[in-house]
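Since the structure comes first, as structure tokens, the remarks are kept for the end.
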Amino acid sequence: SDVLALPIFKQEDSSLPQENETKHPPFQYVMCAATSPAVKLYDETLTYLNQGQSYEIRMLDNRKAGDIPEINGKLVKSIIRVVFHDRRLQYTEHQQLEGWKWNRPGDRLLDLDIPMSVGVIDIKTNPSQLNAVEFLWDPTKCTSAFIQVHCISTEFTPRKHGGEKGVPFRIQVDTFKQTENGEYTDHLHSASCQIKVFKPKGADRKQKTDREKMEKRTAHEKEKYQPSYDTTVLTEMRLEPIIEDAVEHEQKKSSKRTLPADYGDSLAKRGSCSPWPDTPTTFVNNSPTPAPTFTSAQHNTYSVPDSNSSSPNHQGDGTSQGCGDQLHPSATIQETQQWLLKHRFSTYTRLFSNFSGADLLKLTREDLVQICGPADGIRLYNALKSRSVRPRLTIYVCQEPLRSIQLERQEAGNGDSSNGAIYVYHAIYLEEMAASEVTRKLALAFNIPLHQINQVYRQGPTGIHILVSDQMVQNFQDESCFLFTTIKAENGEGFHIILK
């Protein structure tokens, strides 16, 4: 009876292999933590963990002779992550994690205890994905990854009637082999287990309470429950029930709109447990897609957005972006998606996949905070309202016409002022009160190569040239007007700008 109760045999009866093939996973992952005895016989196991405590996950090669020979003598990549078990929370995973990050700045949901781990190579993390770690390992060697979970189950439970009941998480391991181009994107195996995380020592107390409750039950009642195992075997999960339930949930929730025909397929590509925000990783063998990309902790490389578009404090050429940055109510669904991508809201393009411009603009600030979390919700609300950042200083600059000096001499000689030059000024908006900012904005406004500008001077009394410093810029009058001209540098390389 104990063998039949093992969780590894569950959920396999409805997906038995065809013909004479035997379902045999290539790897097995075993977490060294005892399962709860208060779990019914045919339910999935539940394991209690202490917050911040290191738990060993043994990475075992479970292949038979001749299975997957292409990885013989090679490394494989595994991604361990902590995700939500409840489907209600899976739909809003990104928002939940963003809210946690907002309340726990600088912390991670999941860490790898590197000093205790054995056989793991090239450990990598991604600062934007706090619930996952990645590493390479050799299946032929003894490998153990020690994980630490820092989020507790009650952090994601709303308070009801003064009490709290913690939500369950999942520990999921996904393993990939190397492709011909050297990337580890070819999926091999995924498995997971259900956990609950308590404050330090809380898991031990909960395990003891469950054991005492079971001891009080009759022998007949005990037969309906699983025994407590010393270790937890991570088991493979079936996708079909999850996908069907998700489609049904979305249809009930969105009776006024039609779901895409490939909605179920898109869910299948997200993974067996919980979707990875904006990274549709496939854990199905017949639909391979690239795995989430991580960066090494030692060599973090970030994709830095263009400074002219990423920050409201840097408007590039100093002019307002105008209609290009504003979402209009008449915007179509496709235009709304493009607007979200342009303004770095790619994480929510799937969430707002059927929203037009009018739909998105109708959402209140509270709506967006609830949907996207505090940080991104407020940022999206401000972007929709096109709130421009007021510059710290505005100056008006005009490039002196080439013939102006000659005209001035002619006017001084014969008094004829009918041929005056036309002066067109450009508005320069400064967010930083610095001389370098003046130089940069002048170069952008007048299409001057920045590297060719050596110095910027201001013409003072008796025609002297005063070097423009940060202190001088800080003392500029708001909405001051300047003419500027250029002169060749003394060494013949580049030129100087003189503000008059």
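Following the order of the structure tokens, chains are lettered A, B, ..., residues in each are numbered from 1, and ligands are numbered from 1.
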Practice task
Identify, on the basis of only C-alpha atoms, every residue whose closest approach to A:Ser436 does not exceed 10 Å; exclude the query and any residue fewer than 5 positions from it along the same chain; express the result as a PyMOL selection string.
Solution key: chain A and resi 441-442+455-456+468-470+473
List as an mmCIF file with all heavy atoms, in the first residue's frame the protein and nucleic acid residues near A:Phe446, meaning an atom at most 12 Å away when only C-alpha atoms are counted, but skip any in the same chain fewer than 3 places from it.
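This went into selection.cif:
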```cif
data_model
loop_
_atom_site.group_PDB
_atom_site.id
_atom_site.type_symbol
_atom_site.label_atom_id
_atom_site.label_comp_id
_atom_site.auth_asym_id
_atom_site.auth_seq_id
_atom_site.Cartn_x
_atom_site.Cartn_y
_atom_site.Cartn_z
ATOM 1 N N ASP A 317 16.244 65.476 -27.570
ATOM 2 C CA ASP A 317 16.581 66.718 -28.233
ATOM 3 C C ASP A 317 16.036 67.923 -27.490
ATOM 4 O O ASP A 317 16.092 69.031 -27.979
ATOM 5 C CB ASP A 317 16.034 66.709 -29.668
ATOM 6 C CG ASP A 317 14.543 66.504 -29.689
ATOM 7 O OD1 ASP A 317 13.919 66.399 -28.617
ATOM 8 O OD2 ASP A 317 13.989 66.457 -30.786
ATOM 9 N N GLY A 318 15.495 67.734 -26.317
ATOM 10 C CA GLY A 318 15.025 68.854 -25.537
ATOM 11 C C GLY A 318 13.632 69.292 -25.905
ATOM 12 O O GLY A 318 13.086 70.197 -25.312
ATOM 13 N N VAL A 397 18.053 79.658 -27.321
ATOM 14 C CA VAL A 397 19.350 79.799 -27.984
ATOM 15 C C VAL A 397 19.145 79.914 -29.489
ATOM 16 O O VAL A 397 18.312 79.205 -30.066
ATOM 17 C CB VAL A 397 20.269 78.595 -27.667
ATOM 18 C CG1 VAL A 397 21.626 78.760 -28.331
ATOM 19 C CG2 VAL A 397 20.442 78.440 -26.159
ATOM 20 N N CYS A 398 19.895 80.801 -30.102
ATOM 21 C CA CYS A 398 19.852 80.981 -31.559
ATOM 22 C C CYS A 398 21.268 80.962 -32.099
ATOM 23 O O CYS A 398 22.173 81.577 -31.523
ATOM 24 C CB CYS A 398 19.176 82.311 -31.894
ATOM 25 S SG CYS A 398 19.280 82.754 -33.655
ATOM 26 N N GLN A 399 21.475 80.242 -33.182
ATOM 27 C CA GLN A 399 22.789 80.229 -33.830
ATOM 28 C C GLN A 399 22.923 81.479 -34.681
ATOM 29 O O GLN A 399 22.068 81.772 -35.518
ATOM 30 C CB GLN A 399 22.962 78.982 -34.698
ATOM 31 C CG GLN A 399 24.372 78.849 -35.260
ATOM 32 C CD GLN A 399 24.615 77.480 -35.879
ATOM 33 O OE1 GLN A 399 23.677 76.719 -36.068
ATOM 34 N NE2 GLN A 399 25.851 77.176 -36.188
ATOM 35 N N GLU A 400 23.961 82.219 -34.432
ATOM 36 C CA GLU A 400 24.159 83.487 -35.129
ATOM 37 C C GLU A 400 24.368 83.215 -36.619
ATOM 38 O O GLU A 400 25.224 82.397 -36.990
ATOM 39 C CB GLU A 400 25.377 84.211 -34.548
ATOM 40 C CG GLU A 400 25.476 85.650 -34.969
ATOM 41 C CD GLU A 400 26.581 86.373 -34.213
ATOM 42 O OE1 GLU A 400 27.522 85.709 -33.751
ATOM 43 O OE2 GLU A 400 26.495 87.594 -34.095
ATOM 44 N N VAL A 424 16.196 82.810 -35.353
ATOM 45 C CA VAL A 424 15.248 81.773 -34.936
ATOM 46 C C VAL A 424 15.824 81.074 -33.703
ATOM 47 O O VAL A 424 16.928 80.531 -33.755
ATOM 48 C CB VAL A 424 14.990 80.752 -36.059
ATOM 49 C CG1 VAL A 424 14.037 79.675 -35.579
ATOM 50 C CG2 VAL A 424 14.439 81.458 -37.294
ATOM 51 N N TYR A 425 15.065 81.096 -32.614
ATOM 52 C CA TYR A 425 15.542 80.543 -31.341
ATOM 53 C C TYR A 425 14.993 79.134 -31.114
ATOM 54 O O TYR A 425 13.878 78.810 -31.514
ATOM 55 C CB TYR A 425 15.115 81.450 -30.172
ATOM 56 C CG TYR A 425 15.942 82.716 -30.070
ATOM 57 C CD1 TYR A 425 15.658 83.820 -30.876
ATOM 58 C CD2 TYR A 425 17.006 82.799 -29.172
ATOM 59 C CE1 TYR A 425 16.413 84.975 -30.784
ATOM 60 C CE2 TYR A 425 17.766 83.953 -29.079
ATOM 61 C CZ TYR A 425 17.468 85.039 -29.888
ATOM 62 O OH TYR A 425 18.219 86.174 -29.811
ATOM 63 N N HIS A 426 15.806 78.324 -30.454
ATOM 64 C CA HIS A 426 15.405 76.983 -30.023
ATOM 65 C C HIS A 426 15.288 76.975 -28.495
ATOM 66 O O HIS A 426 16.137 77.550 -27.806
ATOM 67 C CB HIS A 426 16.432 75.927 -30.447
ATOM 68 C CG HIS A 426 16.472 75.692 -31.922
ATOM 69 N ND1 HIS A 426 15.970 74.553 -32.509
ATOM 70 C CD2 HIS A 426 16.956 76.455 -32.936
ATOM 71 C CE1 HIS A 426 16.143 74.615 -33.820
ATOM 72 N NE2 HIS A 426 16.739 75.757 -34.108
ATOM 73 N N ALA A 427 14.254 76.301 -28.001
ATOM 74 C CA ALA A 427 14.093 76.166 -26.556
ATOM 75 C C ALA A 427 14.927 74.980 -26.067
ATOM 76 O O ALA A 427 14.820 73.876 -26.600
ATOM 77 C CB ALA A 427 12.624 75.965 -26.200
ATOM 78 N N ILE A 428 15.764 75.223 -25.082
ATOM 79 C CA ILE A 428 16.595 74.182 -24.486
ATOM 80 C C ILE A 428 16.103 73.952 -23.056
ATOM 81 O O ILE A 428 16.118 74.877 -22.235
ATOM 82 C CB ILE A 428 18.089 74.585 -24.464
ATOM 83 C CG1 ILE A 428 18.576 74.914 -25.872
ATOM 84 C CG2 ILE A 428 18.924 73.493 -23.825
ATOM 85 C CD1 ILE A 428 18.595 73.747 -26.818
ATOM 86 N N THR A 439 25.993 71.544 -22.995
ATOM 87 C CA THR A 439 26.731 71.114 -24.192
ATOM 88 C C THR A 439 25.960 70.039 -24.946
ATOM 89 O O THR A 439 25.821 70.086 -26.171
ATOM 90 C CB THR A 439 28.117 70.577 -23.785
ATOM 91 O OG1 THR A 439 28.797 71.567 -23.017
ATOM 92 C CG2 THR A 439 28.935 70.238 -25.022
ATOM 93 N N ARG A 440 25.436 69.059 -24.222
ATOM 94 C CA ARG A 440 24.719 67.955 -24.867
ATOM 95 C C ARG A 440 23.454 68.446 -25.559
ATOM 96 O O ARG A 440 23.163 68.049 -26.690
ATOM 97 C CB ARG A 440 24.382 66.882 -23.829
ATOM 98 C CG ARG A 440 23.838 65.597 -24.415
ATOM 99 C CD ARG A 440 23.660 64.547 -23.338
ATOM 100 N NE ARG A 440 22.572 64.865 -22.433
ATOM 101 C CZ ARG A 440 21.301 64.534 -22.669
ATOM 102 N NH1 ARG A 440 20.977 63.896 -23.775
ATOM 103 N NH2 ARG A 440 20.372 64.848 -21.804
ATOM 104 N N LYS A 441 22.686 69.287 -24.881
ATOM 105 C CA LYS A 441 21.438 69.771 -25.457
ATOM 106 C C LYS A 441 21.691 70.683 -26.656
ATOM 107 O O LYS A 441 20.922 70.677 -27.624
ATOM 108 C CB LYS A 441 20.617 70.502 -24.390
ATOM 109 C CG LYS A 441 20.040 69.578 -23.306
ATOM 110 C CD LYS A 441 19.076 68.582 -23.909
ATOM 111 C CE LYS A 441 18.509 67.607 -22.879
ATOM 112 N NZ LYS A 441 17.594 68.226 -21.919
ATOM 113 N N LEU A 442 22.758 71.481 -26.632
ATOM 114 C CA LEU A 442 23.109 72.309 -27.792
ATOM 115 C C LEU A 442 23.467 71.430 -28.988
ATOM 116 O O LEU A 442 23.056 71.708 -30.122
ATOM 117 C CB LEU A 442 24.284 73.230 -27.445
ATOM 118 C CG LEU A 442 23.975 74.456 -26.581
ATOM 119 C CD1 LEU A 442 25.266 75.150 -26.162
ATOM 120 C CD2 LEU A 442 23.082 75.437 -27.338
ATOM 121 N N ALA A 443 24.230 70.368 -28.729
ATOM 122 C CA ALA A 443 24.622 69.465 -29.813
ATOM 123 C C ALA A 443 23.402 68.800 -30.436
ATOM 124 O O ALA A 443 23.301 68.687 -31.665
ATOM 125 C CB ALA A 443 25.599 68.423 -29.282
ATOM 126 N N PRO A 449 28.035 67.434 -33.894
ATOM 127 C CA PRO A 449 28.671 66.267 -33.264
ATOM 128 C C PRO A 449 29.218 66.621 -31.881
ATOM 129 O O PRO A 449 30.030 67.544 -31.756
ATOM 130 C CB PRO A 449 29.791 65.891 -34.244
ATOM 131 C CG PRO A 449 29.366 66.479 -35.552
ATOM 132 C CD PRO A 449 28.623 67.740 -35.219
ATOM 133 N N LEU A 450 28.786 65.917 -30.887
ATOM 134 C CA LEU A 450 29.148 66.261 -29.504
ATOM 135 C C LEU A 450 30.658 66.190 -29.281
ATOM 136 O O LEU A 450 31.227 67.016 -28.560
ATOM 137 C CB LEU A 450 28.420 65.311 -28.540
ATOM 138 C CG LEU A 450 28.617 65.562 -27.035
ATOM 139 C CD1 LEU A 450 28.127 66.941 -26.639
ATOM 140 C CD2 LEU A 450 27.898 64.486 -26.219
ATOM 141 N N PHE A 484 24.611 82.255 -30.213
ATOM 142 C CA PHE A 484 25.901 81.590 -30.093
ATOM 143 C C PHE A 484 26.552 81.488 -31.456
ATOM 144 O O PHE A 484 25.897 81.427 -32.500
ATOM 145 C CB PHE A 484 25.755 80.207 -29.435
ATOM 146 C CG PHE A 484 25.389 79.086 -30.369
ATOM 147 C CD1 PHE A 484 26.366 78.383 -31.072
ATOM 148 C CD2 PHE A 484 24.062 78.711 -30.539
ATOM 149 C CE1 PHE A 484 26.025 77.341 -31.904
ATOM 150 C CE2 PHE A 484 23.716 77.667 -31.379
ATOM 151 C CZ PHE A 484 24.698 76.972 -32.072
ATOM 152 N N THR A 485 27.863 81.525 -31.402
ATOM 153 C CA THR A 485 28.663 81.357 -32.606
ATOM 154 C C THR A 485 29.762 80.353 -32.309
ATOM 155 O O THR A 485 30.009 80.022 -31.143
ATOM 156 C CB THR A 485 29.270 82.694 -33.055
ATOM 157 O OG1 THR A 485 29.933 82.531 -34.304
ATOM 158 C CG2 THR A 485 30.266 83.229 -32.024
ATOM 159 N N THR A 486 30.409 79.857 -33.330
ATOM 160 C CA THR A 486 31.472 78.867 -33.154
ATOM 161 C C THR A 486 32.778 79.402 -33.689
ATOM 162 O O THR A 486 32.796 80.151 -34.682
ATOM 163 C CB THR A 486 31.125 77.556 -33.901
ATOM 164 O OG1 THR A 486 30.933 77.834 -35.285
ATOM 165 C CG2 THR A 486 29.847 76.956 -33.334
ATOM 166 N N ILE A 497 32.174 76.877 -28.593
ATOM 167 C CA ILE A 497 30.891 77.578 -28.720
ATOM 168 C C ILE A 497 30.926 78.780 -27.777
ATOM 169 O O ILE A 497 31.305 78.665 -26.605
ATOM 170 C CB ILE A 497 29.717 76.654 -28.377
ATOM 171 C CG1 ILE A 497 29.533 75.596 -29.477
ATOM 172 C CG2 ILE A 497 28.426 77.447 -28.176
ATOM 173 C CD1 ILE A 497 28.393 74.641 -29.227
#
```
Exercise for the section: Using DSSP on the backbone coordinates, identify all residues within stretch 68-162 of chain A classified as strand (DSSP E); present the result as a VMD selection string. Expected result: chain A and resid 76 to 84 110 to 112 120 to 126 129 to 137 143 to 149
Exercise for the section: Step one, run DSSP on the backbone; step two, keep only residues of stretch 90-262 of chain A assigned to alpha helix (DSSP H); then write them as a PyMOL selection string. Expected result: chain A and resi 90+93-103+202-216+219-222+240-253
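Using only C-alpha atoms, the residues found no farther than 8 Å from A:Val82, other than those of its own chain fewer than 4 positions away, are Leu109, Leu110, Asn131, Ala132, Val149, Phe169, Arg170, Ile171 and Gln172 of chain A.
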Could you turn the residues from that selection into a file that holds N, CA and C atoms, as a PDB file, in the first residue's frame?
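Okay, out07.pdb is ready:
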```pdb
ATOM      1  N   LEU A 109      13.242  36.169  -3.473  1.00  0.00           N
ATOM      2  CA  LEU A 109      12.351  35.114  -3.012  1.00  0.00           C
ATOM      3  C   LEU A 109      13.081  33.791  -2.883  1.00  0.00           C
ATOM      4  N   LEU A 110      14.063  33.556  -3.771  1.00  0.00           N
ATOM      5  CA  LEU A 110      14.776  32.278  -3.792  1.00  0.00           C
ATOM      6  C   LEU A 110      16.266  32.534  -3.966  1.00  0.00           C
ATOM      7  N   ASN A 131      12.633  35.086  -8.191  1.00  0.00           N
ATOM      8  CA  ASN A 131      12.151  33.793  -7.708  1.00  0.00           C
ATOM      9  C   ASN A 131      12.831  32.624  -8.402  1.00  0.00           C
ATOM     10  N   ALA A 132      14.001  32.834  -9.012  1.00  0.00           N
ATOM     11  CA  ALA A 132      14.630  31.747  -9.770  1.00  0.00           C
ATOM     12  C   ALA A 132      16.150  31.831  -9.708  1.00  0.00           C
ATOM     13  N   VAL A 149      14.313  29.611   0.620  1.00  0.00           N
ATOM     14  CA  VAL A 149      13.108  30.349   0.238  1.00  0.00           C
ATOM     15  C   VAL A 149      12.878  31.449   1.274  1.00  0.00           C
ATOM     16  N   PHE A 169       3.046  27.204  -2.173  1.00  0.00           N
ATOM     17  CA  PHE A 169       3.919  27.486  -3.317  1.00  0.00           C
ATOM     18  C   PHE A 169       4.274  26.165  -4.003  1.00  0.00           C
ATOM     19  N   ARG A 170       5.043  26.285  -5.066  1.00  0.00           N
ATOM     20  CA  ARG A 170       5.626  25.117  -5.720  1.00  0.00           C
ATOM     21  C   ARG A 170       7.125  25.361  -5.908  1.00  0.00           C
ATOM     22  N   ILE A 171       7.907  24.327  -5.697  1.00  0.00           N
ATOM     23  CA  ILE A 171       9.310  24.330  -6.109  1.00  0.00           C
ATOM     24  C   ILE A 171       9.358  23.594  -7.441  1.00  0.00           C
ATOM     25  N   GLN A 172       9.777  24.286  -8.489  1.00  0.00           N
ATOM     26  CA  GLN A 172       9.803  23.690  -9.824  1.00  0.00           C
ATOM     27  C   GLN A 172      11.226  23.670 -10.368  1.00  0.00           C
TER      28      GLN A 172
END
```
Fill in the blank from the handout: In terms of only C-alpha atoms, the residue from A:Gln96, A:Asn62, A:Gln459, A:Ser192 at minimal distance from A:Phe156 is A:Gln96
Practice task
Mind checking which residues fall within 10 Å of A:Phe345, counting only C-alpha atoms, ignoring those fewer than 2 positions away in the same chain, and posting them as number ranges by chain?
Solution key: A: 278, 337-343, 347-349, 372, 376, 379-380
Handout entry: Closest of A:Gly119, A:Gly182, A:Pro168, A:Gly106 to A:Leu46 - atom-to-atom distances counting only C-alpha atoms
Key =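 Closest to A:Leu46, using only C-alpha atoms: A:Pro168.
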